[in-house]
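A short worksheet on the structure shown next.
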Amino acid sequence: MLHSLDHKLAALSPEMLKLTRQLFDVLGMAVTRGPLTGIWGSWEKTSADDIRHFLDRWQNSSISLLKMGHSSLLQLVLMAWYGRPDRSE
């Protein structure tokens, strides 16, 4: 699926790729990740429950920018999943 995601990201317009990189930067830097997601440690050591909590928090946030971030992450995953050539119906 990561290969599919890489392929889809390479096909984005320059502006959409810039916005996507900004989203990943926010999620990657501890100084922004902690306050915005509640994930203070590294992603590799984060439990599935903590990730679900972060995603639920963004999905149901009163801050539209966080809702947009959730929507963007969801769209990326769906785009990569359904774009896989080996995906069975």
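Quick note on naming: the chains in the structure tokens go A, B, ... in the order shown, residues restart at 1 in each chain, and ligands are numbered from 1 in order of appearance.
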
| request: Would you kindly return, as a VMD selection string, each protein, DNA or RNA residue with an atom no farther than 9 Å from any atom of segment 3-17 of chain A, considering only C-alpha atoms and excluding same-chain residues fewer than 5 positions away? | output: chain A and resid 22 76 to 77 79 to 81 83 to 85

Could you tell me, as a compact mmCIF listing (two decimals) with N, CA and C atoms, in the first residue's frame, which residues of chain A DSSP assigns to alpha helix (DSSP H) when given the backbone?
# COMPACT_ATOMS: atom_id res chain seq x y z
N LEU A 2 2.03 1.20 0.67
CA LEU A 2 2.91 2.37 0.67
C LEU A 2 3.43 2.69 -0.72
N HIS A 3 3.69 1.66 -1.51
CA HIS A 3 4.11 1.91 -2.90
C HIS A 3 3.00 2.59 -3.68
N SER A 4 1.78 2.16 -3.46
CA SER A 4 0.63 2.77 -4.12
C SER A 4 0.49 4.23 -3.69
N LEU A 5 0.68 4.49 -2.39
CA LEU A 5 0.60 5.86 -1.89
C LEU A 5 1.70 6.72 -2.51
N ASP A 6 2.91 6.20 -2.58
CA ASP A 6 4.01 6.94 -3.21
C ASP A 6 3.67 7.29 -4.66
N HIS A 7 3.11 6.32 -5.36
CA HIS A 7 2.74 6.53 -6.76
C HIS A 7 1.67 7.62 -6.88
N LYS A 8 0.68 7.58 -6.00
CA LYS A 8 -0.40 8.57 -6.04
C LYS A 8 0.12 9.96 -5.66
N LEU A 9 1.01 10.03 -4.68
CA LEU A 9 1.58 11.32 -4.30
C LEU A 9 2.39 11.93 -5.44
N ALA A 10 3.09 11.09 -6.18
CA ALA A 10 3.88 11.58 -7.31
C ALA A 10 3.00 12.17 -8.41
N PRO A 14 1.46 20.15 -8.20
CA PRO A 14 2.46 20.74 -7.31
C PRO A 14 1.84 21.39 -6.07
N GLU A 15 0.71 22.06 -6.23
CA GLU A 15 0.08 22.72 -5.08
C GLU A 15 -0.46 21.71 -4.08
N MET A 16 -1.09 20.64 -4.57
CA MET A 16 -1.60 19.61 -3.66
C MET A 16 -0.46 18.88 -2.97
N LEU A 17 0.62 18.65 -3.69
CA LEU A 17 1.79 18.00 -3.08
C LEU A 17 2.38 18.89 -1.99
N LYS A 18 2.42 20.19 -2.22
CA LYS A 18 2.92 21.13 -1.22
C LYS A 18 2.07 21.08 0.04
N LEU A 19 0.76 21.08 -0.11
CA LEU A 19 -0.15 21.01 1.04
C LEU A 19 -0.01 19.69 1.78
N THR A 20 0.16 18.60 1.04
CA THR A 20 0.32 17.29 1.65
C THR A 20 1.62 17.22 2.44
N ARG A 21 2.68 17.79 1.87
CA ARG A 21 3.96 17.82 2.59
C ARG A 21 3.83 18.64 3.87
N GLN A 22 3.10 19.74 3.81
CA GLN A 22 2.90 20.56 5.00
C GLN A 22 2.16 19.76 6.09
N LEU A 23 1.17 18.99 5.67
CA LEU A 23 0.43 18.15 6.63
C LEU A 23 1.36 17.13 7.26
N PHE A 24 2.19 16.47 6.45
CA PHE A 24 3.13 15.48 6.98
C PHE A 24 4.18 16.14 7.86
N ASP A 25 4.58 17.37 7.53
CA ASP A 25 5.53 18.09 8.39
C ASP A 25 4.93 18.35 9.77
N VAL A 26 3.67 18.78 9.79
CA VAL A 26 2.98 19.02 11.07
C VAL A 26 2.92 17.73 11.88
N LEU A 27 2.61 16.63 11.22
CA LEU A 27 2.50 15.35 11.91
C LEU A 27 3.86 14.78 12.29
N GLY A 28 4.91 15.20 11.61
CA GLY A 28 6.23 14.65 11.85
C GLY A 28 7.05 15.37 12.91
N ALA A 30 7.69 16.93 16.46
CA ALA A 30 7.15 16.75 17.82
C ALA A 30 6.54 18.03 18.36
N VAL A 31 7.12 19.18 18.01
CA VAL A 31 6.64 20.45 18.54
C VAL A 31 5.21 20.77 18.07
N THR A 32 4.82 20.29 16.91
CA THR A 32 3.45 20.50 16.43
C THR A 32 2.60 19.25 16.61
N ARG A 33 3.21 18.09 16.46
CA ARG A 33 2.46 16.83 16.58
C ARG A 33 1.82 16.67 17.96
N GLY A 34 2.59 16.92 19.00
CA GLY A 34 2.08 16.73 20.36
C GLY A 34 0.82 17.52 20.65
N PRO A 35 0.89 18.85 20.52
CA PRO A 35 -0.30 19.64 20.84
C PRO A 35 -1.49 19.40 19.91
N LEU A 36 -1.22 19.12 18.64
CA LEU A 36 -2.32 18.97 17.68
C LEU A 36 -2.93 17.58 17.64
N THR A 37 -2.14 16.57 18.00
CA THR A 37 -2.64 15.20 17.88
C THR A 37 -2.76 14.48 19.23
N ALA A 48 -2.34 1.66 18.59
CA ALA A 48 -3.46 1.81 17.65
C ALA A 48 -4.59 2.61 18.28
N ASP A 49 -4.82 2.41 19.58
CA ASP A 49 -5.87 3.17 20.28
C ASP A 49 -5.56 4.66 20.30
N ASP A 50 -4.30 5.01 20.54
CA ASP A 50 -3.92 6.42 20.54
C ASP A 50 -4.08 7.05 19.16
N ILE A 51 -3.76 6.29 18.13
CA ILE A 51 -3.93 6.79 16.76
C ILE A 51 -5.41 6.97 16.45
N ARG A 52 -6.23 6.00 16.85
CA ARG A 52 -7.68 6.14 16.65
C ARG A 52 -8.23 7.37 17.38
N HIS A 53 -7.74 7.60 18.59
CA HIS A 53 -8.18 8.76 19.37
C HIS A 53 -7.80 10.06 18.64
N PHE A 54 -6.58 10.13 18.13
CA PHE A 54 -6.15 11.30 17.38
C PHE A 54 -7.02 11.52 16.15
N LEU A 55 -7.28 10.46 15.40
CA LEU A 55 -8.11 10.59 14.19
C LEU A 55 -9.54 10.99 14.53
N ASP A 56 -10.10 10.41 15.59
CA ASP A 56 -11.45 10.80 16.04
C ASP A 56 -11.47 12.26 16.48
N ARG A 57 -10.42 12.66 17.19
CA ARG A 57 -10.32 14.05 17.66
C ARG A 57 -10.32 15.02 16.48
N TRP A 58 -9.53 14.72 15.45
CA TRP A 58 -9.49 15.59 14.28
C TRP A 58 -10.80 15.54 13.51
N GLN A 59 -11.38 14.37 13.35
CA GLN A 59 -12.62 14.24 12.60
C GLN A 59 -13.75 15.04 13.24
N SER A 64 -11.82 23.81 11.86
CA SER A 64 -11.99 23.31 10.49
C SER A 64 -10.67 22.83 9.88
N LEU A 65 -9.55 23.43 10.26
CA LEU A 65 -8.27 23.00 9.71
C LEU A 65 -7.94 21.56 10.12
N LEU A 66 -8.29 21.18 11.33
CA LEU A 66 -8.06 19.80 11.77
C LEU A 66 -9.00 18.84 11.04
N LYS A 67 -10.23 19.26 10.84
CA LYS A 67 -11.17 18.42 10.07
C LYS A 67 -10.65 18.22 8.65
N MET A 68 -10.11 19.28 8.06
CA MET A 68 -9.54 19.18 6.72
C MET A 68 -8.33 18.24 6.71
N GLY A 69 -7.52 18.29 7.77
CA GLY A 69 -6.38 17.39 7.88
C GLY A 69 -6.83 15.94 7.94
N HIS A 70 -7.87 15.68 8.72
CA HIS A 70 -8.42 14.32 8.81
C HIS A 70 -8.93 13.86 7.45
N SER A 71 -9.67 14.73 6.79
CA SER A 71 -10.21 14.40 5.47
C SER A 71 -9.09 14.11 4.47
N SER A 72 -8.02 14.89 4.53
CA SER A 72 -6.89 14.68 3.62
C SER A 72 -6.22 13.34 3.88
N LEU A 73 -6.01 13.00 5.16
CA LEU A 73 -5.41 11.70 5.48
C LEU A 73 -6.29 10.56 5.00
N LEU A 74 -7.59 10.68 5.23
CA LEU A 74 -8.52 9.65 4.79
C LEU A 74 -8.49 9.50 3.27
N GLN A 75 -8.51 10.61 2.56
CA GLN A 75 -8.48 10.57 1.10
C GLN A 75 -7.19 9.92 0.58
N LEU A 76 -6.06 10.22 1.23
CA LEU A 76 -4.80 9.60 0.81
C LEU A 76 -4.84 8.09 0.98
N VAL A 77 -5.35 7.64 2.11
CA VAL A 77 -5.42 6.19 2.35
C VAL A 77 -6.37 5.52 1.37
N LEU A 78 -7.53 6.12 1.16
CA LEU A 78 -8.49 5.54 0.21
C LEU A 78 -7.94 5.54 -1.20
N MET A 79 -7.28 6.62 -1.59
CA MET A 79 -6.70 6.71 -2.92
C MET A 79 -5.65 5.62 -3.11
N ALA A 80 -4.81 5.41 -2.11
CA ALA A 80 -3.78 4.38 -2.21
C ALA A 80 -4.39 2.98 -2.20
N TRP A 81 -5.39 2.75 -1.34
CA TRP A 81 -5.99 1.42 -1.24
C TRP A 81 -6.71 1.03 -2.52
N TYR A 82 -7.58 1.89 -3.00
CA TYR A 82 -8.36 1.54 -4.17
C TYR A 82 -7.59 1.65 -5.46
